[in-house]
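Q: mmCIF, C-alpha atoms and all ligand atoms, file model24.cif:
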```
data_target
#
loop_
_atom_site.label_atom_id
_atom_site.label_comp_id
_atom_site.auth_asym_id
_atom_site.auth_seq_id
_atom_site.Cartn_x
_atom_site.Cartn_y
_atom_site.Cartn_z
CA MET Q 1 -51.41 63.79 -92.43
CA THR Q 2 -51.71 61.22 -89.65
CA PRO Q 3 -48.27 60.29 -88.35
CA ILE Q 4 -47.12 56.70 -88.24
CA ARG Q 5 -47.30 55.62 -84.58
CA LEU Q 6 -43.91 54.03 -84.03
CA ALA Q 7 -42.37 51.88 -81.30
CA LEU Q 8 -38.61 51.54 -80.94
CA VAL Q 9 -37.32 48.18 -79.72
CA GLY Q 10 -33.83 48.16 -78.13
CA LEU Q 11 -32.50 51.39 -76.63
CA GLY Q 12 -28.78 51.00 -77.24
CA LYS Q 13 -26.16 53.05 -79.06
CA ILE Q 14 -27.74 53.32 -82.50
CA ALA Q 15 -31.24 53.92 -81.14
CA ARG Q 16 -29.98 56.88 -79.11
CA ASP Q 17 -27.41 58.25 -81.57
CA GLN Q 18 -29.59 58.13 -84.70
CA HIS Q 19 -33.12 56.75 -84.45
CA LEU Q 20 -34.44 58.94 -81.62
CA PRO Q 21 -33.27 62.32 -83.05
CA VAL Q 22 -34.36 61.45 -86.59
CA ILE Q 23 -37.82 60.26 -85.48
CA ALA Q 24 -38.22 63.43 -83.39
CA ALA Q 25 -37.39 65.59 -86.40
CA ASP Q 26 -39.71 63.83 -88.88
CA PRO Q 27 -43.40 64.84 -88.58
CA ARG Q 28 -44.45 61.69 -90.41
CA PHE Q 29 -43.62 59.69 -87.25
CA GLU Q 30 -44.81 59.79 -83.67
CA LEU Q 31 -42.80 57.80 -81.13
CA VAL Q 32 -45.50 56.20 -78.97
CA ALA Q 33 -43.52 53.52 -77.10
CA VAL Q 34 -40.08 52.14 -76.37
CA VAL Q 35 -39.27 48.54 -75.56
CA SER Q 36 -36.16 48.02 -73.49
CA ARG Q 37 -35.13 45.63 -70.77
CA ASN Q 38 -32.94 48.24 -69.10
CA ALA Q 39 -33.84 51.77 -70.10
CA ASP Q 40 -36.79 54.07 -70.54
CA LEU Q 41 -37.46 57.48 -72.03
CA ASP Q 42 -39.17 60.47 -70.40
CA GLY Q 43 -42.70 61.00 -71.68
CA VAL Q 44 -42.86 57.82 -73.77
CA ALA Q 45 -44.69 54.62 -72.80
CA HIS Q 46 -42.17 51.96 -71.76
CA PHE Q 47 -42.39 48.17 -71.92
CA THR Q 48 -39.76 45.57 -71.12
CA THR Q 49 -40.90 43.20 -73.88
CA LEU Q 50 -42.53 43.66 -77.27
CA ALA Q 51 -45.22 41.15 -76.28
CA GLU Q 52 -46.24 43.40 -73.38
CA LEU Q 53 -46.48 46.39 -75.69
CA LEU Q 54 -48.58 44.49 -78.23
CA ALA Q 55 -50.92 43.32 -75.45
CA SER Q 56 -51.32 46.88 -74.12
CA ASP Q 57 -53.75 49.60 -75.16
CA VAL Q 58 -50.97 51.69 -76.77
CA ALA Q 59 -51.83 51.89 -80.48
CA VAL Q 60 -48.84 51.19 -82.72
CA ASP Q 61 -48.63 51.12 -86.52
CA ALA Q 62 -44.96 50.18 -86.92
CA VAL Q 63 -41.93 48.99 -85.00
CA SER Q 64 -38.29 49.80 -85.58
CA LEU Q 65 -36.00 47.04 -84.35
CA CYS Q 66 -32.68 48.36 -82.99
CA THR Q 67 -31.51 45.23 -81.19
CA PRO Q 68 -28.52 43.11 -82.19
CA PRO Q 69 -29.28 40.66 -85.02
CA GLN Q 70 -29.70 37.51 -82.95
CA PRO Q 71 -33.15 38.30 -81.41
CA ARG Q 72 -34.40 40.24 -84.45
CA HIS Q 73 -36.38 37.54 -86.26
CA ALA Q 74 -38.44 36.60 -83.21
CA LEU Q 75 -39.28 40.26 -82.60
CA ALA Q 76 -40.05 41.00 -86.25
CA HIS Q 77 -42.26 37.93 -86.54
CA LEU Q 78 -44.20 38.91 -83.44
CA ALA Q 79 -44.72 42.43 -84.79
CA LEU Q 80 -45.82 41.27 -88.26
CA ALA Q 81 -48.19 38.70 -86.73
CA ALA Q 82 -49.76 41.57 -84.79
CA GLY Q 83 -50.23 43.56 -88.03
CA LYS Q 84 -47.39 46.06 -87.58
CA HIS Q 85 -45.03 47.37 -90.24
CA VAL Q 86 -41.38 46.59 -89.48
CA MET Q 87 -38.09 48.40 -89.98
CA LEU Q 88 -35.05 46.16 -89.46
CA GLU Q 89 -31.69 47.61 -88.42
CA LYS Q 90 -28.76 46.14 -90.32
CA PRO Q 91 -27.99 43.29 -90.63
CA PRO Q 92 -31.63 42.33 -91.21
CA GLY Q 93 -31.24 39.02 -89.39
CA ALA Q 94 -28.88 36.39 -88.09
CA THR Q 95 -29.56 34.13 -91.10
CA LEU Q 96 -30.76 34.52 -94.67
CA SER Q 97 -33.61 32.07 -94.18
CA GLU Q 98 -35.16 34.03 -91.35
CA VAL Q 99 -35.22 37.20 -93.45
CA GLU Q 100 -36.94 35.25 -96.23
CA ASP Q 101 -39.51 34.07 -93.69
CA LEU Q 102 -40.14 37.69 -92.71
CA ARG Q 103 -40.41 38.75 -96.35
CA LEU Q 104 -43.08 36.12 -97.00
CA THR Q 105 -44.95 36.91 -93.79
CA ALA Q 106 -45.01 40.64 -94.55
CA ALA Q 107 -46.18 39.99 -98.12
CA GLU Q 108 -48.97 37.65 -96.97
CA ARG Q 109 -50.23 40.31 -94.58
CA ALA Q 110 -49.70 43.28 -96.92
CA LEU Q 111 -47.40 44.91 -94.37
CA THR Q 112 -44.24 46.93 -94.97
CA LEU Q 113 -40.90 45.26 -94.25
CA GLN Q 114 -37.72 47.31 -94.73
CA THR Q 115 -34.19 45.96 -94.57
CA THR Q 116 -32.20 49.09 -93.80
CA TRP Q 117 -28.69 49.66 -95.10
CA HIS Q 118 -27.84 53.07 -93.67
CA SER Q 119 -24.49 53.41 -95.45
CA ARG Q 120 -26.29 53.46 -98.80
CA TYR Q 121 -27.64 56.86 -97.76
CA ALA Q 122 -24.16 58.30 -97.17
CA HIS Q 123 -23.67 61.47 -99.16
CA GLY Q 124 -21.49 60.20 -102.00
CA VAL Q 125 -23.09 56.83 -102.66
CA ALA Q 126 -25.85 57.73 -105.15
CA SER Q 127 -23.44 59.84 -107.22
CA ALA Q 128 -20.86 57.05 -107.16
CA ARG Q 129 -23.45 54.61 -108.51
CA GLU Q 130 -24.36 57.02 -111.35
CA TRP Q 131 -20.70 57.71 -112.18
CA LEU Q 132 -19.84 53.99 -112.29
CA ALA Q 133 -22.95 52.89 -114.20
CA ASP Q 134 -21.35 52.95 -117.68
CA LYS Q 135 -17.73 52.34 -116.64
CA THR Q 136 -15.58 49.26 -117.12
CA ILE Q 137 -14.28 48.27 -113.69
CA LYS Q 138 -10.62 47.23 -113.52
CA SER Q 139 -10.34 46.55 -109.80
CA VAL Q 140 -11.89 47.43 -106.46
CA ARG Q 141 -10.23 47.81 -103.09
CA ILE Q 142 -12.21 48.08 -99.84
CA ASP Q 143 -10.52 49.05 -96.55
CA TRP Q 144 -12.83 49.08 -93.53
CA ARG Q 145 -10.63 49.50 -90.48
CA GLU Q 146 -11.84 50.70 -87.11
CA ASP Q 147 -11.04 50.32 -83.44
CA VAL Q 148 -13.67 48.05 -81.89
CA ARG Q 149 -12.84 49.39 -78.42
CA VAL Q 150 -13.82 52.90 -79.53
CA TRP Q 151 -16.90 52.12 -81.64
CA HIS Q 152 -18.40 49.06 -79.92
CA PRO Q 153 -17.55 49.32 -76.21
CA GLY Q 154 -19.23 46.65 -74.09
CA GLN Q 155 -21.11 45.06 -77.02
CA ALA Q 156 -20.61 41.41 -76.03
CA TRP Q 157 -23.22 40.27 -78.60
CA ILE Q 158 -20.86 41.20 -81.44
CA TRP Q 159 -18.47 38.41 -80.40
CA GLU Q 160 -21.16 35.76 -80.08
CA ALA Q 161 -22.41 33.47 -82.86
CA GLY Q 162 -24.62 35.56 -85.12
CA GLY Q 163 -23.01 38.81 -83.93
CA LEU Q 164 -20.83 39.02 -87.08
CA GLY Q 165 -17.70 40.43 -85.38
CA VAL Q 166 -15.82 42.65 -87.81
CA PHE Q 167 -18.53 42.01 -90.40
CA ASP Q 168 -20.85 44.19 -88.29
CA PRO Q 169 -19.14 47.28 -89.78
CA GLY Q 170 -17.83 45.35 -92.80
CA ILE Q 171 -21.37 44.65 -93.99
CA ASN Q 172 -21.77 48.42 -94.40
CA ALA Q 173 -18.97 48.37 -96.97
CA LEU Q 174 -20.68 45.47 -98.72
CA SER Q 175 -23.98 47.36 -98.69
CA ILE Q 176 -22.27 50.21 -100.54
CA ALA Q 177 -20.40 47.92 -102.95
CA THR Q 178 -23.60 46.07 -103.87
CA ALA Q 179 -25.27 49.43 -104.50
CA ILE Q 180 -22.59 51.15 -106.60
CA LEU Q 181 -20.89 48.45 -108.65
CA PRO Q 182 -22.54 47.94 -112.03
CA ARG Q 183 -22.12 44.17 -112.12
CA PRO Q 184 -22.82 41.46 -109.55
CA PHE Q 185 -19.81 39.98 -107.76
CA PHE Q 186 -19.08 36.86 -105.79
CA LEU Q 187 -16.57 35.55 -103.28
CA THR Q 188 -13.62 33.39 -104.37
CA ALA Q 189 -11.63 33.18 -101.12
CA ALA Q 190 -11.66 34.54 -97.59
CA THR Q 191 -9.65 34.36 -94.38
CA LEU Q 192 -11.41 34.96 -91.08
CA HIS Q 193 -9.32 35.67 -87.97
CA VAL Q 194 -11.35 34.51 -84.96
CA PRO Q 195 -10.02 35.28 -81.45
CA GLU Q 196 -9.62 32.10 -79.42
CA ASN Q 197 -12.19 33.33 -76.88
CA CYS Q 198 -14.79 34.54 -79.43
CA GLN Q 199 -17.21 33.08 -81.96
CA SER Q 200 -16.89 35.78 -84.63
CA PRO Q 201 -13.95 37.27 -86.55
CA ILE Q 202 -11.91 40.29 -85.52
CA GLN Q 203 -10.27 40.65 -88.94
CA ALA Q 204 -11.14 39.35 -92.40
CA GLU Q 205 -9.65 39.41 -95.89
CA LEU Q 206 -12.02 38.74 -98.76
CA ASP Q 207 -11.40 38.23 -102.46
CA PHE Q 208 -14.27 38.57 -104.90
CA VAL Q 209 -14.55 38.82 -108.67
CA ASP Q 210 -17.27 40.61 -110.54
CA ALA Q 211 -19.22 39.05 -113.39
CA ALA Q 212 -16.59 40.27 -115.89
CA GLY Q 213 -13.67 38.98 -113.83
CA ALA Q 214 -12.53 42.25 -112.20
CA PRO Q 215 -10.92 41.56 -108.81
CA ILE Q 216 -12.43 43.03 -105.65
CA ARG Q 217 -10.32 42.89 -102.48
CA ALA Q 218 -11.83 43.75 -99.10
CA GLU Q 219 -9.99 43.99 -95.79
CA PHE Q 220 -11.95 44.42 -92.58
CA ASP Q 221 -10.05 45.16 -89.38
CA PHE Q 222 -11.41 45.71 -85.86
CA LEU Q 223 -7.96 46.39 -84.34
CA GLN Q 224 -7.15 49.62 -86.16
CA THR Q 225 -5.81 52.27 -83.84
CA GLY Q 226 -4.86 55.76 -85.00
CA PRO Q 227 -6.53 56.95 -88.21
CA GLN Q 228 -9.63 54.94 -89.04
CA SER Q 229 -10.57 54.11 -92.63
CA TRP Q 230 -13.87 53.35 -94.26
CA ASP Q 231 -12.79 53.59 -97.90
CA ILE Q 232 -13.76 52.05 -101.24
CA ARG Q 233 -11.48 52.64 -104.22
CA VAL Q 234 -12.64 51.67 -107.72
CA GLU Q 235 -10.23 51.76 -110.65
CA VAL Q 236 -11.97 52.08 -114.03
CA GLU Q 237 -10.84 52.09 -117.65
CA ASP Q 238 -11.25 55.29 -119.58
CA GLU Q 239 -10.47 55.13 -123.30
CA ASP Q 240 -9.85 58.87 -123.65
CA THR Q 241 -7.90 59.71 -120.52
CA GLY Q 242 -6.49 56.40 -119.33
CA ASN Q 243 -7.56 54.86 -116.07
CA LYS Q 244 -9.46 56.82 -113.45
CA VAL Q 245 -9.96 56.15 -109.76
CA LEU Q 246 -13.22 56.76 -107.92
CA LYS Q 247 -12.92 56.80 -104.17
CA LEU Q 248 -15.59 56.86 -101.49
CA SER Q 249 -14.07 57.77 -98.13
CA HIS Q 250 -15.47 58.34 -94.62
CA GLY Q 251 -17.96 55.51 -95.05
CA GLY Q 252 -19.31 56.95 -98.30
CA ALA Q 253 -19.70 60.52 -97.07
CA LYS Q 254 -17.03 61.88 -99.46
CA LEU Q 255 -16.72 61.09 -103.16
CA TRP Q 256 -13.47 61.65 -105.02
CA VAL Q 257 -12.41 61.10 -108.63
CA ASP Q 258 -8.65 61.10 -109.20
CA ASP Q 259 -8.18 62.76 -105.80
CA VAL Q 260 -10.55 65.63 -106.64
CA LEU Q 261 -13.33 65.92 -104.07
CA LEU Q 262 -16.63 65.91 -105.98
CA ARG Q 263 -19.16 65.53 -103.19
CA GLU Q 264 -19.36 65.80 -99.43
CA GLY Q 265 -22.20 66.70 -97.18
CA PRO Q 266 -23.75 66.46 -93.74
CA ASP Q 267 -24.65 63.05 -92.31
CA ALA Q 268 -28.27 62.32 -93.27
CA GLU Q 269 -28.17 58.53 -93.49
CA TYR Q 270 -30.92 57.81 -90.96
CA ALA Q 271 -33.10 60.69 -92.19
CA GLY Q 272 -32.90 58.92 -95.55
CA LEU Q 273 -33.86 55.58 -94.03
CA TYR Q 274 -36.91 56.98 -92.23
CA ASP Q 275 -37.94 58.92 -95.34
CA ALA Q 276 -37.80 55.65 -97.30
CA PHE Q 277 -39.76 53.82 -94.57
CA ALA Q 278 -42.51 56.47 -94.54
CA ARG Q 279 -42.80 56.20 -98.33
CA LEU Q 280 -42.93 52.40 -98.21
CA VAL Q 281 -45.70 52.45 -95.60
CA ALA Q 282 -47.66 55.06 -97.59
CA GLY Q 283 -47.23 53.05 -100.78
CA LYS Q 284 -48.03 49.70 -99.08
CA ALA Q 285 -44.68 48.38 -100.30
CA SER Q 286 -41.65 46.58 -98.89
CA ASP Q 287 -37.93 46.81 -99.54
CA VAL Q 288 -36.13 43.56 -98.73
CA ASP Q 289 -32.55 43.29 -99.98
CA VAL Q 290 -30.28 40.67 -98.44
CA SER Q 291 -27.37 40.99 -100.88
CA PRO Q 292 -24.85 42.38 -98.31
CA LEU Q 293 -25.82 39.65 -95.80
CA ARG Q 294 -25.50 37.01 -98.53
CA HIS Q 295 -21.87 38.01 -99.09
CA VAL Q 296 -21.23 37.72 -95.35
CA ALA Q 297 -22.87 34.29 -95.29
CA ASP Q 298 -20.66 33.28 -98.23
CA ALA Q 299 -17.59 34.37 -96.27
CA PHE Q 300 -18.65 32.24 -93.33
CA LEU Q 301 -19.26 29.32 -95.77
CA LEU Q 302 -16.07 29.58 -97.79
CA GLY Q 303 -13.70 31.37 -95.43
CA ARG Q 304 -10.62 29.75 -93.99
CA ARG Q 305 -10.54 30.16 -90.18
CA VAL Q 306 -7.37 31.29 -88.43
CA VAL Q 307 -7.21 31.37 -84.63
CA ALA Q 308 -6.27 34.86 -83.43
CA PRO Q 309 -5.13 35.97 -79.96
CA ALA Q 310 -7.89 36.28 -77.37
CA PHE Q 311 -9.78 39.59 -77.45
CA ILE Q 312 -9.79 41.30 -74.06
CA GLU Q 313 -11.71 44.56 -74.03
P1 LIG P 401 -26.08 48.13 -78.47
O1 LIG P 401 -25.57 49.47 -78.10
O2 LIG P 401 -25.51 46.93 -77.83
O3 LIG P 401 -27.65 48.16 -78.27
C1 LIG P 401 -28.48 47.07 -78.59
C2 LIG P 401 -29.67 47.11 -77.67
O4 LIG P 401 -30.54 46.01 -78.04
C3 LIG P 401 -29.31 46.88 -76.21
O5 LIG P 401 -29.13 48.11 -75.58
C4 LIG P 401 -30.51 46.15 -75.71
O6 LIG P 401 -31.38 47.17 -75.31
C5 LIG P 401 -31.21 45.54 -76.88
N1 LIG P 401 -31.25 44.08 -76.89
C6 LIG P 401 -32.34 43.30 -77.06
N2 LIG P 401 -32.03 42.01 -77.08
C7 LIG P 401 -30.71 41.95 -76.90
C8 LIG P 401 -29.81 40.87 -76.81
N3 LIG P 401 -30.20 39.59 -76.94
N4 LIG P 401 -28.49 41.16 -76.63
C9 LIG P 401 -28.06 42.44 -76.49
N5 LIG P 401 -28.90 43.50 -76.58
C10 LIG P 401 -30.21 43.25 -76.78
O7 LIG P 401 -25.94 47.90 -80.05
P2 LIG P 401 -26.07 48.99 -81.20
O8 LIG P 401 -24.73 49.53 -81.53
O9 LIG P 401 -27.16 49.95 -80.89
O10 LIG P 401 -26.45 48.04 -82.41
C11 LIG P 401 -27.75 47.51 -82.57
C12 LIG P 401 -27.93 47.18 -84.03
O11 LIG P 401 -27.77 48.38 -84.78
C13 LIG P 401 -26.88 46.20 -84.57
O12 LIG P 401 -27.46 45.30 -85.46
C14 LIG P 401 -25.89 47.10 -85.28
O13 LIG P 401 -25.28 46.45 -86.38
C15 LIG P 401 -26.80 48.21 -85.77
N6 LIG P 401 -26.08 49.47 -86.00
C16 LIG P 401 -25.22 49.97 -85.05
C17 LIG P 401 -24.51 51.14 -85.33
C18 LIG P 401 -23.58 51.77 -84.33
O14 LIG P 401 -22.90 52.74 -84.69
N7 LIG P 401 -23.50 51.32 -83.09
C19 LIG P 401 -24.68 51.78 -86.54
C20 LIG P 401 -25.59 51.27 -87.44
C21 LIG P 401 -26.28 50.11 -87.15
P3 LIG P 401 -32.18 47.09 -73.98
O15 LIG P 401 -31.18 46.87 -72.89
O16 LIG P 401 -32.77 48.42 -74.07
O17 LIG P 401 -33.16 45.96 -74.10
#
```
Spell out the structure here as structure tokens.
A:
Amino acid sequence: MTPIRLALVGLGKIARDQHLPVIAADPRFELVAVVSRNADLDGVAHFTTLAELLASDVAVDAVSLCTPPQPRHALAHLALAAGKHVMLEKPPGATLSEVEDLRLTAAERALTLQTTWHSRYAHGVASAREWLADKTIKSVRIDWREDVRVWHPGQAWIWEAGGLGVFDPGINALSIATAILPRPFFLTAATLHVPENCQSPIQAELDFVDAAGAPIRAEFDFLQTGPQSWDIRVEVEDEDTGNKVLKLSHGGAKLWVDDVLLREGPDAEYAGLYDAFARLVAGKASDVDVSPLRHVADAFLLGRRVVAPAFIE
């Protein structure tokens, strides 16, 4: 088996925490280059721009883009134009239209394009989807509350236009909800709290309904200190036993039904993403799903803005 010769673009937190160890552990990949303006990696060819890498004699089959969303389309387009397969970190772009452009470009060139949603590979998510498949949903409650100072230190891009603010983690909840809920859902109202010195929200409350009218309430909070919560709670009707509650906690890593823990396991989200990418490349296929980003775009379209106190890190 010839490994996929991979270049990693952007050597920040997620590249170091997840991509590098997972690539090193997967024999289907060989890390042949890194692209970073500020950092390099022992023993791996280093370039400060993707254009320099593509003009070099380092042979690359695929690139994995670990930058913030704002520069992602330009990088992905450059890579596809050079005939490389592309893995996109979440969110797949700063706008829906640019992801559509990438989808078309990849299809025209018969290249693999993958929009990654790592939270969908959390341990309890697949079982939650199966469990919910034939259930009647009564209501859904999403609480995604974390301390931005702990999880995103120094990430100025998150507060800029296109950086998504609290939707940067919140989109992970939406990626799970769009994967596990049996019916489509859509936004009816939203409030976005935007610090007076920022372009993106620090807190958000979202109200959706699903296609049968079941309410879905999501609260995203970047100012949570103390216990953090990444929880989705789904109340379903059960004719025999009355209502039941499915809960995914810890970002989808633990699955509970009526407070009984049914599944938990080690974190293998990025191993799952790279496994899927290797299979897509081998099968000459793409996986482009923008549904979580579409919900975020809807929130920015429909949401009521409230000015919040300045955010000082
Ligand atoms: P980060 O720590 O700020 O790293 C991003 C890296 O991208 C920077 O180190 C920088 O690397 C590079 N970069 C290229 N163009 C840039 C630009 N215009 N502005 C800022 N940086 C630029 O961010 P991160 O946490 O790794 O997040 C990157 C992406 O991964 C985001 O889309 C995020 O949603 C996603 N993600 C993050 C996490 C997490 O836990 N942090 C989890 C899952 C997904 P160089 O200096 O090397 O060029």
Q: Collect all residues with atoms no farther than 7 Å from ligand LIG 401 (chain P), counting all atoms listed in the file, and output them as a PyMOL selection string.
A: chain Q and resi 10-15+35-39+66-71+89-91+118+151-152+155+157+168
Q: Which is closer to Q:Val99 than all the others in Q:Val290, Q:Val58, Q:Leu262, Q:Ala212, using all atoms listed in the file?
A: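 Among Q:Val290, Q:Val58, Q:Leu262, Q:Ala212, it is Q:Val290 that comes nearest to Q:Val99.
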Q: When you look at Q:Ala59 with a cut-off of 9 Å (counting only C-alpha atoms), what residues show up, excluding the ones that are within fewer than 3 positions of it in the same chain? I need them as JSON, numbers by chain.
A: {"Q": [5, 6, 32, 54, 56]}
Q: Hey, which of Q:Val9, Q:Val209, Q:Ala276, Q:Val245 ends up closest to Q:Trp131? Count all atoms listed in the file.
A: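 The answer is Q:Val245, which sits nearest to Q:Trp131.
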Q: Residues near stretch 147-149 of chain Q, anyone? I mean within 7 Å using all atoms listed in the file, not counting same-chain ones fewer than 5 positions away, as a PyMOL selection string.
A: chain Q and resi 222-225+313
Q: Considering all atoms listed in the file, state which residue in the set Q:Gly170, Q:Pro92, Q:Pro292, Q:Pro184 is at the smallest distance from Q:Asp143.
A: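 Distance minimum relative to Q:Asp143 lands on Q:Gly170.
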Q: Using all atoms listed in the file, which of the listed residues (Q:Leu50, Q:Ala122, Q:Val296, Q:Val22) sits closest to Q:Pro266?
A: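 Closest to Q:Pro266, using all atoms listed in the file: Q:Ala122.
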Q: Using all atoms listed in the file, which residues sit within 7 Å of Q:Ala214 once same-chain residues fewer than 5 positions away are excluded, as a PyMOL selection string?
A: chain Q and resi 137-139+209
Q: For Q:Ala156, which of Q:Asp40, Q:Gln199, Q:Ile23, Q:Glu237 is the closest residue, counting all atoms listed in the file?
A: Q:Gln199
Q: What separation in Å, quoted to one decimal, exists between atom CA of Q:Phe208 and atom CA of Q:Leu273?
A: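 Computing it gives 28.1 Å between the two atoms.
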Q: Closest to Q:Trp159 among Q:Val140, Q:Val194, Q:Leu255, Q:Leu181, using all atoms listed in the file?
A: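 Closest to Q:Trp159, using all atoms listed in the file: Q:Val194.
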Q: Report, in Å with one decimal, the straight-line distance from atom CA of Q:Thr112 to atom CA of Q:Ala278.
A: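 Separation of atom CA of Q:Thr112 and atom CA of Q:Ala278: 9.7 Å.
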Q: For Q:Ser286, find every residue with an atom within 12 Å (counting all atoms listed in the file), except residues of its own chain fewer than 2 positions away, and show them as a ChimeraX atom specification.
A: /Q:85-88,102-116,276-284,288-289
Q: Atoms to include: C-alpha atoms. Write the selected residues as a PDB file, in the frame of the given file.
A:
```
ATOM      1  CA  HIS Q  85     -45.030  47.370 -90.240  1.00  0.00           C
ATOM      2  CA  VAL Q  86     -41.380  46.590 -89.480  1.00  0.00           C
ATOM      3  CA  MET Q  87     -38.090  48.400 -89.980  1.00  0.00           C
ATOM      4  CA  LEU Q  88     -35.050  46.160 -89.460  1.00  0.00           C
ATOM      5  CA  LEU Q 102     -40.140  37.690 -92.710  1.00  0.00           C
ATOM      6  CA  ARG Q 103     -40.410  38.750 -96.350  1.00  0.00           C
ATOM      7  CA  LEU Q 104     -43.080  36.120 -97.000  1.00  0.00           C
ATOM      8  CA  THR Q 105     -44.950  36.910 -93.790  1.00  0.00           C
ATOM      9  CA  ALA Q 106     -45.010  40.640 -94.550  1.00  0.00           C
ATOM     10  CA  ALA Q 107     -46.180  39.990 -98.120  1.00  0.00           C
ATOM     11  CA  GLU Q 108     -48.970  37.650 -96.970  1.00  0.00           C
ATOM     12  CA  ARG Q 109     -50.230  40.310 -94.580  1.00  0.00           C
ATOM     13  CA  ALA Q 110     -49.700  43.280 -96.920  1.00  0.00           C
ATOM     14  CA  LEU Q 111     -47.400  44.910 -94.370  1.00  0.00           C
ATOM     15  CA  THR Q 112     -44.240  46.930 -94.970  1.00  0.00           C
ATOM     16  CA  LEU Q 113     -40.900  45.260 -94.250  1.00  0.00           C
ATOM     17  CA  GLN Q 114     -37.720  47.310 -94.730  1.00  0.00           C
ATOM     18  CA  THR Q 115     -34.190  45.960 -94.570  1.00  0.00           C
ATOM     19  CA  THR Q 116     -32.200  49.090 -93.800  1.00  0.00           C
ATOM     20  CA  ALA Q 276     -37.800  55.650 -97.300  1.00  0.00           C
ATOM     21  CA  PHE Q 277     -39.760  53.820 -94.570  1.00  0.00           C
ATOM     22  CA  ALA Q 278     -42.510  56.470 -94.540  1.00  0.00           C
ATOM     23  CA  ARG Q 279     -42.800  56.200 -98.330  1.00  0.00           C
ATOM     24  CA  LEU Q 280     -42.930  52.400 -98.210  1.00  0.00           C
ATOM     25  CA  VAL Q 281     -45.700  52.450 -95.600  1.00  0.00           C
ATOM     26  CA  ALA Q 282     -47.660  55.060 -97.590  1.00  0.00           C
ATOM     27  CA  GLY Q 283     -47.230  53.050-100.780  1.00  0.00           C
ATOM     28  CA  LYS Q 284     -48.030  49.700 -99.080  1.00  0.00           C
ATOM     29  CA  VAL Q 288     -36.130  43.560 -98.730  1.00  0.00           C
ATOM     30  CA  ASP Q 289     -32.550  43.290 -99.980  1.00  0.00           C
TER      31      ASP Q 289
END
```
Q: Stretch 114-120 of chain Q, all listed atoms, 6 Å padding on each side: what axis-aligned box centre and edge lengths in Å to one decimal come out, as JSON?
A:
```
{"center_x": -31.1, "center_y": 49.7, "center_z": -96.2, "size_x": 25.2, "size_y": 19.5, "size_z": 17.1}
```
Q: How many Å lie between atom CA of Q:Ala128 and atom CA of Q:Arg233, rounded to one decimal?
A: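 If I compute the distance from atom CA of Q:Ala128 to atom CA of Q:Arg233, I get 10.8 Å.
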Q: Could stretch 295-306 of chain Q be completed with N, CA and C atoms and returned as a PDB file, keeping the file's coordinate frame?
A:
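Written out: selection08.pdb:
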```pdb
ATOM      1  N   HIS Q 295     -23.338  38.039 -98.969  1.00  0.00           N
ATOM      2  CA  HIS Q 295     -21.870  38.010 -99.090  1.00  0.00           C
ATOM      3  C   HIS Q 295     -21.209  37.616 -97.767  1.00  0.00           C
ATOM      4  N   VAL Q 296     -21.784  38.099 -96.663  1.00  0.00           N
ATOM      5  CA  VAL Q 296     -21.230  37.720 -95.350  1.00  0.00           C
ATOM      6  C   VAL Q 296     -21.431  36.221 -95.122  1.00  0.00           C
ATOM      7  N   ALA Q 297     -22.609  35.733 -95.449  1.00  0.00           N
ATOM      8  CA  ALA Q 297     -22.870  34.290 -95.290  1.00  0.00           C
ATOM      9  C   ALA Q 297     -21.894  33.489 -96.143  1.00  0.00           C
ATOM     10  N   ASP Q 298     -21.631  33.963 -97.369  1.00  0.00           N
ATOM     11  CA  ASP Q 298     -20.660  33.280 -98.230  1.00  0.00           C
ATOM     12  C   ASP Q 298     -19.274  33.238 -97.574  1.00  0.00           C
ATOM     13  N   ALA Q 299     -18.902  34.338 -96.930  1.00  0.00           N
ATOM     14  CA  ALA Q 299     -17.590  34.370 -96.270  1.00  0.00           C
ATOM     15  C   ALA Q 299     -17.521  33.361 -95.137  1.00  0.00           C
ATOM     16  N   PHE Q 300     -18.632  33.237 -94.406  1.00  0.00           N
ATOM     17  CA  PHE Q 300     -18.650  32.240 -93.330  1.00  0.00           C
ATOM     18  C   PHE Q 300     -18.680  30.818 -93.902  1.00  0.00           C
ATOM     19  N   LEU Q 301     -19.237  30.644 -95.128  1.00  0.00           N
ATOM     20  CA  LEU Q 301     -19.260  29.320 -95.770  1.00  0.00           C
ATOM     21  C   LEU Q 301     -17.897  28.929 -96.318  1.00  0.00           C
ATOM     22  N   LEU Q 302     -17.272  29.903 -97.012  1.00  0.00           N
ATOM     23  CA  LEU Q 302     -16.070  29.580 -97.790  1.00  0.00           C
ATOM     24  C   LEU Q 302     -14.780  29.935 -97.052  1.00  0.00           C
ATOM     25  N   GLY Q 303     -14.898  30.815 -96.049  1.00  0.00           N
ATOM     26  CA  GLY Q 303     -13.700  31.370 -95.430  1.00  0.00           C
ATOM     27  C   GLY Q 303     -12.873  30.356 -94.657  1.00  0.00           C
ATOM     28  N   ARG Q 304     -11.578  30.549 -94.756  1.00  0.00           N
ATOM     29  CA  ARG Q 304     -10.620  29.750 -93.990  1.00  0.00           C
ATOM     30  C   ARG Q 304     -10.497  30.403 -92.611  1.00  0.00           C
ATOM     31  N   ARG Q 305     -10.646  29.609 -91.546  1.00  0.00           N
ATOM     32  CA  ARG Q 305     -10.540  30.160 -90.180  1.00  0.00           C
ATOM     33  C   ARG Q 305      -9.105  30.133 -89.692  1.00  0.00           C
ATOM     34  N   VAL Q 306      -8.678  31.232 -89.071  1.00  0.00           N
ATOM     35  CA  VAL Q 306      -7.370  31.290 -88.430  1.00  0.00           C
ATOM     36  C   VAL Q 306      -7.630  31.712 -86.983  1.00  0.00           C
TER      37      VAL Q 306
END
```
